[in-house]
Structure formats: structure tokens, C-alpha cells
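Colleague: What follows is start-v7.pdb, PDB, C-alpha atoms, pLDDT in the B column.
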```pdb
MODEL        1
ATOM      1  CA  GLY A   1     -15.108 110.134  88.249  1.00 87.00           C
ATOM      2  CA  ALA A   2     -16.801 110.504  91.656  1.00 91.00           C
ATOM      3  CA  TYR A   3     -19.303 107.716  90.995  1.00 88.00           C
ATOM      4  CA  GLU A   4     -20.046 106.823  94.626  1.00 89.00           C
ATOM      5  CA  GLU A   5     -20.798 110.433  95.479  1.00 91.00           C
ATOM      6  CA  ALA A   6     -22.939 110.778  92.359  1.00 92.00           C
ATOM      7  CA  ALA A   7     -24.863 107.626  93.254  1.00 91.00           C
ATOM      8  CA  ARG A   8     -25.481 108.860  96.800  1.00 89.00           C
ATOM      9  CA  ARG A   9     -26.727 112.220  95.524  1.00 91.00           C
ATOM     10  CA  LEU A  10     -29.001 110.610  92.957  1.00 91.00           C
ATOM     11  CA  GLU A  11     -30.500 108.340  95.607  1.00 87.00           C
ATOM     12  CA  SER A  12     -30.953 111.330  97.907  1.00 90.00           C
ATOM     13  CA  LEU A  13     -32.715 113.257  95.150  1.00 86.00           C
ATOM     14  CA  ALA A  14     -34.997 110.284  94.522  1.00 88.00           C
ATOM     15  CA  ALA A  15     -35.845 110.068  98.214  1.00 86.00           C
ATOM     16  CA  THR A  16     -36.522 113.775  98.656  1.00 85.00           C
ATOM     17  CA  SER A  17     -38.169 114.589  95.343  1.00 79.00           C
ATOM     18  CA  ARG A  18     -41.550 116.221  95.844  1.00 75.00           C
ATOM     19  CA  ARG A  19     -42.534 115.805  92.239  1.00 73.00           C
ATOM     20  CA  PRO A  20     -45.680 113.712  91.887  1.00 69.00           C
ATOM     21  CA  GLY A  21     -45.447 110.365  90.196  1.00 73.00           C
ATOM     22  CA  LYS A  22     -42.886 107.632  90.223  1.00 84.00           C
ATOM     23  CA  THR A  23     -41.165 108.235  86.881  1.00 85.00           C
ATOM     24  CA  LEU A  24     -38.575 110.766  88.029  1.00 87.00           C
ATOM     25  CA  LYS A  25     -37.711 108.773  91.147  1.00 90.00           C
ATOM     26  CA  ALA A  26     -37.305 105.604  89.086  1.00 91.00           C
ATOM     27  CA  GLU A  27     -35.048 107.414  86.587  1.00 92.00           C
ATOM     28  CA  LEU A  28     -32.901 108.828  89.393  1.00 93.00           C
ATOM     29  CA  LEU A  29     -32.578 105.387  90.984  1.00 94.00           C
ATOM     30  CA  ALA A  30     -31.705 103.832  87.630  1.00 93.00           C
ATOM     31  CA  GLN A  31     -28.922 106.388  87.175  1.00 93.00           C
ATOM     32  CA  ALA A  32     -27.760 105.766  90.731  1.00 95.00           C
ATOM     33  CA  GLY A  33     -27.622 102.053  89.954  1.00 94.00           C
ATOM     34  CA  GLN A  34     -25.379 102.689  86.964  1.00 92.00           C
ATOM     35  CA  ALA A  35     -23.113 104.934  89.031  1.00 95.00           C
ATOM     36  CA  TRP A  36     -22.878 102.323  91.796  1.00 95.00           C
ATOM     37  CA  LEU A  37     -21.990  99.652  89.236  1.00 93.00           C
ATOM     38  CA  ILE A  38     -19.233 101.789  87.706  1.00 93.00           C
ATOM     39  CA  ALA A  39     -17.938 102.390  91.240  1.00 95.00           C
ATOM     40  CA  GLY A  40     -17.789  98.621  91.774  1.00 93.00           C
ATOM     41  CA  LYS A  41     -20.521  98.615  94.423  1.00 96.00           C
ATOM     42  CA  THR A  42     -22.765  95.870  93.065  1.00 95.00           C
ATOM     43  CA  ALA A  43     -24.912  95.423  96.165  1.00 96.00           C
ATOM     44  CA  GLU A  44     -25.786  99.108  96.093  1.00 96.00           C
ATOM     45  CA  ALA A  45     -26.346  98.966  92.328  1.00 96.00           C
ATOM     46  CA  LEU A  46     -28.743  96.022  92.665  1.00 97.00           C
ATOM     47  CA  SER A  47     -30.615  97.768  95.452  1.00 96.00           C
ATOM     48  CA  ALA A  48     -31.077 100.974  93.439  1.00 96.00           C
ATOM     49  CA  GLN A  49     -32.042  99.076  90.293  1.00 96.00           C
ATOM     50  CA  THR A  50     -34.554  96.914  92.142  1.00 96.00           C
ATOM     51  CA  ARG A  51     -36.151  99.979  93.731  1.00 94.00           C
ATOM     52  CA  ALA A  52     -36.343 101.619  90.286  1.00 95.00           C
ATOM     53  CA  LEU A  53     -38.075  98.521  88.912  1.00 96.00           C
ATOM     54  CA  ASP A  54     -40.451  98.466  91.886  1.00 94.00           C
ATOM     55  CA  LEU A  55     -41.429 102.065  91.122  1.00 92.00           C
ATOM     56  CA  ALA A  56     -41.513 101.976  87.324  1.00 92.00           C
ATOM     57  CA  GLY A  57     -42.506  98.396  86.645  1.00 92.00           C
ATOM     58  CA  PRO A  58     -40.597  96.016  84.387  1.00 93.00           C
ATOM     59  CA  GLN A  59     -39.144  98.558  81.973  1.00 94.00           C
ATOM     60  CA  PHE A  60     -36.875  97.076  79.337  1.00 96.00           C
ATOM     61  CA  GLU A  61     -33.794  99.213  79.987  1.00 95.00           C
ATOM     62  CA  LEU A  62     -34.031  98.774  83.759  1.00 96.00           C
ATOM     63  CA  LEU A  63     -34.242  95.005  83.334  1.00 97.00           C
ATOM     64  CA  ILE A  64     -31.163  95.041  81.098  1.00 97.00           C
ATOM     65  CA  ASP A  65     -29.225  97.185  83.568  1.00 96.00           C
ATOM     66  CA  ARG A  66     -30.053  94.904  86.487  1.00 97.00           C
ATOM     67  CA  ALA A  67     -29.228  91.812  84.417  1.00 98.00           C
ATOM     68  CA  ILE A  68     -25.798  93.276  83.656  1.00 96.00           C
ATOM     69  CA  THR A  69     -25.253  93.925  87.348  1.00 97.00           C
ATOM     70  CA  HIS A  70     -26.289  90.369  88.259  1.00 97.00           C
ATOM     71  CA  ALA A  71     -23.992  88.940  85.595  1.00 97.00           C
ATOM     72  CA  SER A  72     -21.081  91.095  86.778  1.00 95.00           C
ATOM     73  CA  ILE A  73     -21.089  89.161  90.067  1.00 96.00           C
ATOM     74  CA  GLY A  74     -21.780  85.753  88.549  1.00 97.00           C
ATOM     75  CA  GLU A  75     -25.507  85.667  89.311  1.00 97.00           C
ATOM     76  CA  TYR A  76     -26.354  84.322  85.867  1.00 98.00           C
ATOM     77  CA  TRP A  77     -29.711  82.767  86.753  1.00 98.00           C
ATOM     78  CA  GLU A  78     -30.918  86.094  88.137  1.00 98.00           C
ATOM     79  CA  ALA A  79     -29.594  87.827  85.027  1.00 98.00           C
ATOM     80  CA  ILE A  80     -31.486  85.362  82.836  1.00 98.00           C
ATOM     81  CA  ASP A  81     -34.689  86.008  84.786  1.00 98.00           C
ATOM     82  CA  ASP A  82     -34.429  89.736  84.013  1.00 98.00           C
ATOM     83  CA  LEU A  83     -33.385  89.084  80.415  1.00 98.00           C
ATOM     84  CA  ASN A  84     -36.336  86.720  79.909  1.00 98.00           C
ATOM     85  CA  ARG A  85     -38.665  89.504  80.994  1.00 98.00           C
ATOM     86  CA  ALA A  86     -36.910  91.956  78.672  1.00 98.00           C
ATOM     87  CA  VAL A  87     -37.030  89.583  75.680  1.00 98.00           C
ATOM     88  CA  ASP A  88     -40.713  88.949  76.394  1.00 97.00           C
ATOM     89  CA  GLN A  89     -41.234  92.693  75.928  1.00 97.00           C
ATOM     90  CA  ASP A  90     -39.174  92.962  72.741  1.00 97.00           C
ATOM     91  CA  ALA A  91     -37.864  89.799  71.115  1.00 96.00           C
ATOM     92  CA  THR A  92     -36.114  91.841  68.416  1.00 97.00           C
ATOM     93  CA  ARG A  93     -33.647  93.575  70.745  1.00 97.00           C
ATOM     94  CA  VAL A  94     -30.280  92.159  69.787  1.00 98.00           C
ATOM     95  CA  ASP A  95     -28.560  93.395  72.949  1.00 98.00           C
ATOM     96  CA  ALA A  96     -30.898  91.407  75.204  1.00 98.00           C
ATOM     97  CA  LEU A  97     -30.413  88.263  73.119  1.00 98.00           C
ATOM     98  CA  VAL A  98     -26.625  88.656  73.181  1.00 98.00           C
ATOM     99  CA  PHE A  99     -26.595  89.221  76.944  1.00 98.00           C
ATOM    100  CA  ARG A 100     -28.816  86.187  77.503  1.00 98.00           C
ATOM    101  CA  ALA A 101     -26.675  84.043  75.181  1.00 98.00           C
ATOM    102  CA  THR A 102     -23.620  85.073  77.187  1.00 98.00           C
ATOM    103  CA  ALA A 103     -25.349  84.167  80.459  1.00 98.00           C
ATOM    104  CA  TRP A 104     -26.356  80.770  79.059  1.00 98.00           C
ATOM    105  CA  ARG A 105     -22.755  80.232  77.896  1.00 98.00           C
ATOM    106  CA  LYS A 106     -21.454  81.076  81.362  1.00 98.00           C
ATOM    107  CA  LEU A 107     -23.878  78.469  82.747  1.00 98.00           C
ATOM    108  CA  LYS A 108     -22.561  76.014  80.140  1.00 97.00           C
ATOM    109  CA  ASN A 109     -25.973  75.631  78.489  1.00 98.00           C
ATOM    110  CA  PHE A 110     -24.599  75.848  74.978  1.00 98.00           C
ATOM    111  CA  ASP A 111     -27.846  74.815  73.269  1.00 97.00           C
ATOM    112  CA  LEU A 112     -29.809  77.761  74.676  1.00 98.00           C
ATOM    113  CA  ALA A 113     -26.817  80.053  74.143  1.00 98.00           C
ATOM    114  CA  GLN A 114     -26.696  78.972  70.506  1.00 98.00           C
ATOM    115  CA  ASP A 115     -30.451  79.542  70.080  1.00 98.00           C
ATOM    116  CA  ASP A 116     -30.245  83.108  71.411  1.00 98.00           C
ATOM    117  CA  ILE A 117     -27.111  84.062  69.517  1.00 98.00           C
ATOM    118  CA  SER A 118     -28.476  82.641  66.272  1.00 98.00           C
ATOM    119  CA  ARG A 119     -31.569  84.815  66.659  1.00 98.00           C
ATOM    120  CA  ALA A 120     -29.390  87.850  67.409  1.00 98.00           C
ATOM    121  CA  VAL A 121     -27.183  87.335  64.358  1.00 98.00           C
ATOM    122  CA  ASP A 122     -30.244  86.725  62.167  1.00 98.00           C
ATOM    123  CA  LEU A 123     -31.638  90.087  63.339  1.00 98.00           C
ATOM    124  CA  ALA A 124     -28.348  91.965  62.975  1.00 98.00           C
ATOM    125  CA  PRO A 125     -25.782  90.103  60.850  1.00 98.00           C
ATOM    126  CA  ASP A 126     -23.125  92.799  61.300  1.00 98.00           C
ATOM    127  CA  ASN A 127     -23.499  93.322  65.051  1.00 98.00           C
ATOM    128  CA  VAL A 128     -19.983  92.868  66.396  1.00 98.00           C
ATOM    129  CA  ASP A 129     -21.103  91.903  69.900  1.00 98.00           C
ATOM    130  CA  ALA A 130     -23.343  89.175  68.489  1.00 98.00           C
ATOM    131  CA  LEU A 131     -20.593  87.901  66.195  1.00 98.00           C
ATOM    132  CA  LEU A 132     -18.049  87.905  69.013  1.00 98.00           C
ATOM    133  CA  GLU A 133     -20.384  85.919  71.250  1.00 98.00           C
ATOM    134  CA  ARG A 134     -21.292  83.487  68.466  1.00 98.00           C
ATOM    135  CA  GLY A 135     -17.576  82.900  67.940  1.00 98.00           C
ATOM    136  CA  ASN A 136     -17.140  82.224  71.653  1.00 98.00           C
ATOM    137  CA  ILE A 137     -19.995  79.729  71.665  1.00 98.00           C
ATOM    138  CA  LEU A 138     -18.824  78.031  68.467  1.00 98.00           C
ATOM    139  CA  SER A 139     -15.335  77.674  69.897  1.00 97.00           C
ATOM    140  CA  LEU A 140     -16.628  76.033  73.055  1.00 96.00           C
ATOM    141  CA  ARG A 141     -18.755  73.711  70.934  1.00 96.00           C
ATOM    142  CA  GLY A 142     -15.626  72.600  69.057  1.00 95.00           C
ATOM    143  CA  ASN A 143     -16.143  74.515  65.800  1.00 96.00           C
ATOM    144  CA  ALA A 144     -12.861  76.428  65.774  1.00 96.00           C
ATOM    145  CA  ALA A 145     -12.984  77.313  62.066  1.00 96.00           C
ATOM    146  CA  ALA A 146     -16.396  78.998  62.346  1.00 97.00           C
ATOM    147  CA  ALA A 147     -15.325  80.752  65.551  1.00 97.00           C
ATOM    148  CA  VAL A 148     -12.206  82.153  63.870  1.00 97.00           C
ATOM    149  CA  SER A 149     -14.330  83.329  60.950  1.00 97.00           C
ATOM    150  CA  ASP A 150     -16.678  85.229  63.290  1.00 98.00           C
ATOM    151  CA  TRP A 151     -13.814  86.812  65.228  1.00 98.00           C
ATOM    152  CA  GLU A 152     -12.067  87.886  62.018  1.00 97.00           C
ATOM    153  CA  ARG A 153     -15.340  89.422  60.814  1.00 98.00           C
ATOM    154  CA  VAL A 154     -15.643  91.397  64.058  1.00 98.00           C
ATOM    155  CA  ILE A 155     -12.194  92.866  63.451  1.00 97.00           C
ATOM    156  CA  ALA A 156     -13.004  93.632  59.817  1.00 97.00           C
ATOM    157  CA  LEU A 157     -16.248  95.396  60.770  1.00 98.00           C
ATOM    158  CA  GLU A 158     -14.986  97.490  63.715  1.00 97.00           C
ATOM    159  CA  ALA A 159     -11.225  97.187  64.107  1.00 97.00           C
ATOM    160  CA  LYS A 160     -10.988  99.752  66.922  1.00 97.00           C
ATOM    161  CA  SER A 161     -13.800  98.442  69.134  1.00 97.00           C
ATOM    162  CA  ALA A 162     -13.726  96.560  72.430  1.00 97.00           C
ATOM    163  CA  ALA A 163     -15.309  93.623  70.584  1.00 97.00           C
ATOM    164  CA  ALA A 164     -12.408  93.613  68.106  1.00 97.00           C
ATOM    165  CA  ASP A 165      -9.912  93.659  70.980  1.00 97.00           C
ATOM    166  CA  ALA A 166     -11.640  90.633  72.528  1.00 98.00           C
ATOM    167  CA  ALA A 167     -11.735  88.911  69.133  1.00 97.00           C
ATOM    168  CA  ARG A 168      -7.981  89.453  68.722  1.00 97.00           C
ATOM    169  CA  GLU A 169      -7.377  87.959  72.170  1.00 97.00           C
ATOM    170  CA  ASN A 170      -9.509  84.951  71.271  1.00 96.00           C
ATOM    171  CA  LEU A 171      -7.614  84.480  68.011  1.00 96.00           C
ATOM    172  CA  GLU A 172      -4.334  84.551  69.932  1.00 95.00           C
ATOM    173  CA  LYS A 173      -5.695  82.007  72.395  1.00 91.00           C
ATOM    174  CA  GLN A 174      -6.833  79.841  69.488  1.00 86.00           C
ATOM    175  CA  LYS A 175      -3.163  79.404  68.609  1.00 80.00           C
ATOM    176  CA  MET A 176      -2.644  78.000  72.134  1.00 64.00           C
ATOM    177  CA  PRO A 177      -4.872  75.439  73.839  1.00 54.00           C
ATOM    178  CA  SER A 178      -7.209  77.664  75.864  1.00 50.00           C
ATOM    179  CA  LYS A 179     -10.793  78.871  76.130  1.00 56.00           C
ATOM    180  CA  PRO A 180     -12.215  82.097  74.683  1.00 59.00           C
ATOM    181  CA  GLN A 181     -12.970  84.922  77.079  1.00 57.00           C
TER     182      GLN A 181
ENDMDL
END
```
Turn the structure described in the file into C-alpha cells.
Modeller:
Amino acid sequence: GAYEEAARRLESLAATSRRPGKTLKAELLAQAGQAWLIAGKTAEALSAQTRALDLAGPQFELLIDRAITHASIGEYWEAIDDLNRAVDQDATRVDALVFRATAWRKLKNFDLAQDDISRAVDLAPDNVDALLERGNILSLRGNAAAAVSDWERVIALEAKSAAADAARENLEKQKMPSKPQ
């Protein structure tokens, strides 16, 4: 639970490591970035993640981590930049497509959000995160029946998941005039 202290120590280890090569330093900085993010220190997280990317190059997981950090503070265009680079590396990674669809939705570009989420669901028809996001997008596009169907499927697939909890909330909101989360 001491995430700030852990992040500081990881950054210190990265700075003082005498091991040759950049891989270990980049891994330590990536872990520091995750610790900073959990601690709610997004500026520090972005700094550590950017330094890790500078050392290691555009590695898929590092790009995803930094995109999540950008999105957590509403920097959706920056998140999309990182996600574009990640999807360019592996267009079959459902998580990257779901994250990018969510970023497009937050920017109210529902056409691009729909394109990404359709690809994600085609790749993994039972992925609860993809189904939850598709339901969110469908709801915002005015297709409440299809959205409800996706959210109910999320609950049926993984009733005790965070995605199912969000789907339940969206179903409750559907009963009242409101937007999905």
C-alpha cells in the first residue's frame, strides 16, 4: 500500500543501476509509473512512463500503460496517440482496441469508437470489457435495445466482475434518463 515510496525506490534503482543495457532501467521505470498511477500521482507516472519509453522504445505494454495514464486525466488525444502506436504493432490486441474505442467515445467521435469496438468484439466475442464498451457506445448512438443486450451479456458471462458491476449501473440508468458511465 506504500505506492509513492515504492515508486521512489524503483526510480532510484533505475537511476543507480550499474547493469549494462537499458532493459532493466526501462522495466523499473515502467513499474514506478504504475505505482505512481495507483498513488494518484499522474504527473510522476507520465514522467516515469515516458522515460521508460525513451529507454526501451515503443514497447506495446509501455504504450498501453501511458495511454491509460493520459486517459485517467482526460488527455484523450495523447492516449489515442499511444494507442495508435500500440495497435500499429499488434492490431489483434483487444485491450488496445477497447481502450482506443473508449477514448474516441470520450471525445464524442462515435464513428471511430464504433469501428474500434466492432473490431474488438469480432476478435473476442465474449470479452466483457469489449461488450461493456460496445453497449456504452450503442446507448449513446440511440440503440438502447442493443446496449441493454450487451450489458446483460456481460453480466451473464462474468457476474462478479467490475465490468458486470458497470453493466448493472448502466442498466439501472437506462431505466432513468441518463448517460452510461
Colleague: Per residue of stretch 33-107 of chain A within 12 Å of stretch 7-22 of chain A, what are the shortest atom pair and its distance in Å to one decimal, counting all atoms listed in the file, with rows by chain and residue number, as a Markdown table?
Modeller:
```
| residue | atom | partner | partner_atom | distance |
| --- | --- | --- | --- | --- |
| A:Gly33 | CA | A:Ala7 | CA | 7.0 |
| A:Gln34 | CA | A:Ala7 | CA | 8.0 |
| A:Ala35 | CA | A:Ala7 | CA | 5.3 |
| A:Trp36 | CA | A:Ala7 | CA | 5.8 |
| A:Leu37 | CA | A:Ala7 | CA | 9.4 |
| A:Ile38 | CA | A:Ala7 | CA | 9.8 |
| A:Ala39 | CA | A:Ala7 | CA | 8.9 |
| A:Gly40 | CA | A:Ala7 | CA | 11.5 |
| A:Lys41 | CA | A:Ala7 | CA | 10.1 |
| A:Thr42 | CA | A:Ala7 | CA | 11.9 |
| A:Glu44 | CA | A:Ala7 | CA | 9.0 |
| A:Ala45 | CA | A:Ala7 | CA | 8.8 |
| A:Ser47 | CA | A:Glu11 | CA | 10.6 |
| A:Ala48 | CA | A:Glu11 | CA | 7.7 |
| A:Gln49 | CA | A:Glu11 | CA | 10.8 |
| A:Arg51 | CA | A:Glu11 | CA | 10.3 |
| A:Ala52 | CA | A:Lys22 | CA | 8.9 |
| A:Leu53 | CA | A:Lys22 | CA | 10.4 |
| A:Asp54 | CA | A:Lys22 | CA | 9.6 |
| A:Leu55 | CA | A:Lys22 | CA | 5.8 |
| A:Ala56 | CA | A:Lys22 | CA | 6.5 |
| A:Gly57 | CA | A:Lys22 | CA | 9.9 |
```
Colleague: Have a look at atom CA of A:Gln114 and atom CA of A:Ala101 and let me know their distance in Å, one decimal.
Modeller: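 That distance, rounded to one decimal, is 6.9 Å.
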Colleague: Expanded to explicit residues, what is the PyMOL selection byres ((chain A and resi 74-83) around 7) for this file, as a PyMOL selection string?
Modeller: chain A and resi 63-64+67-68+70-73+84-87+96+100+103
Colleague: Please produce a file of the residues just selected, as a compact mmCIF listing (two decimals), in the frame of the given file, where the atoms kept are C-alpha atoms.
Modeller:
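Saved to part.txt:
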```txt
# COMPACT_ATOMS: atom_id res chain seq x y z
CA LEU A 63 -34.24 95.00 83.33
CA ILE A 64 -31.16 95.04 81.10
CA ALA A 67 -29.23 91.81 84.42
CA ILE A 68 -25.80 93.28 83.66
CA HIS A 70 -26.29 90.37 88.26
CA ALA A 71 -23.99 88.94 85.60
CA SER A 72 -21.08 91.10 86.78
CA ILE A 73 -21.09 89.16 90.07
CA ASN A 84 -36.34 86.72 79.91
CA ARG A 85 -38.66 89.50 80.99
CA ALA A 86 -36.91 91.96 78.67
CA VAL A 87 -37.03 89.58 75.68
CA ALA A 96 -30.90 91.41 75.20
CA ARG A 100 -28.82 86.19 77.50
CA ALA A 103 -25.35 84.17 80.46
```
Colleague: Step by step, work through what the PyMOL selection byres ((chain A and resi 153) around 12) selects in the shown file, and finish by giving those residues as a list of chain:residue names.
Modeller: A:Pro125, A:Asp126, A:Asn127, A:Val128, A:Asp129, A:Ala130, A:Leu131, A:Leu132, A:Arg134, A:Gly135, A:Ala146, A:Ala147, A:Val148, A:Ser149, A:Asp150, A:Trp151, A:Glu152, A:Val154, A:Ile155, A:Ala156, A:Leu157, A:Glu158, A:Ala159, A:Ala163, A:Ala164, A:Ala167, A:Arg168, A:Leu171
Colleague: Just the selected residues (C-alpha atoms), exported as an mmCIF file, keeping the file's coordinate frame, please.
Modeller:
```cif
data_model
loop_
_atom_site.group_PDB
_atom_site.id
_atom_site.type_symbol
_atom_site.label_atom_id
_atom_site.label_comp_id
_atom_site.auth_asym_id
_atom_site.auth_seq_id
_atom_site.Cartn_x
_atom_site.Cartn_y
_atom_site.Cartn_z
ATOM 1 C CA PRO A 125 -25.782 90.103 60.850
ATOM 2 C CA ASP A 126 -23.125 92.799 61.300
ATOM 3 C CA ASN A 127 -23.499 93.322 65.051
ATOM 4 C CA VAL A 128 -19.983 92.868 66.396
ATOM 5 C CA ASP A 129 -21.103 91.903 69.900
ATOM 6 C CA ALA A 130 -23.343 89.175 68.489
ATOM 7 C CA LEU A 131 -20.593 87.901 66.195
ATOM 8 C CA LEU A 132 -18.049 87.905 69.013
ATOM 9 C CA ARG A 134 -21.292 83.487 68.466
ATOM 10 C CA GLY A 135 -17.576 82.900 67.940
ATOM 11 C CA ALA A 146 -16.396 78.998 62.346
ATOM 12 C CA ALA A 147 -15.325 80.752 65.551
ATOM 13 C CA VAL A 148 -12.206 82.153 63.870
ATOM 14 C CA SER A 149 -14.330 83.329 60.950
ATOM 15 C CA ASP A 150 -16.678 85.229 63.290
ATOM 16 C CA TRP A 151 -13.814 86.812 65.228
ATOM 17 C CA GLU A 152 -12.067 87.886 62.018
ATOM 18 C CA VAL A 154 -15.643 91.397 64.058
ATOM 19 C CA ILE A 155 -12.194 92.866 63.451
ATOM 20 C CA ALA A 156 -13.004 93.632 59.817
ATOM 21 C CA LEU A 157 -16.248 95.396 60.770
ATOM 22 C CA GLU A 158 -14.986 97.490 63.715
ATOM 23 C CA ALA A 159 -11.225 97.187 64.107
ATOM 24 C CA ALA A 163 -15.309 93.623 70.584
ATOM 25 C CA ALA A 164 -12.408 93.613 68.106
ATOM 26 C CA ALA A 167 -11.735 88.911 69.133
ATOM 27 C CA ARG A 168 -7.981 89.453 68.722
ATOM 28 C CA LEU A 171 -7.614 84.480 68.011
#
```
Colleague: Would you mind reading off the distance between atom CA of A:Glu27 and atom CA of A:Ala120, one decimal, in Å?
Modeller: 28.0 Å
Colleague: Report, in Å to a single decimal, how far apart atom CA of A:Ala145 and atom CA of A:Asp95 are.
Modeller: 24.9 Å
Colleague: Hey, which of A:Gly1, A:Leu28, A:Arg66, A:Phe110 ends up closest to A:Gly142? Count all atoms listed in the file.
Modeller: A:Phe110
Colleague: With distances taken over all atoms listed in the file, which of A:Glu133, A:Asp88, A:Asp65, A:Glu5 is nearest to A:Asp115?
Modeller: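 Residue with the minimum atom-to-atom distance to A:Asp115: A:Glu133.
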Colleague: Could you tell me which of A:Ala144, A:Gln174, A:Phe60, A:Leu107 comes closest to A:Ala91 if we count only C-alpha atoms?
Modeller: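 Comparing A:Ala144, A:Gln174, A:Phe60, A:Leu107 against A:Ala91, the winner is A:Phe60.
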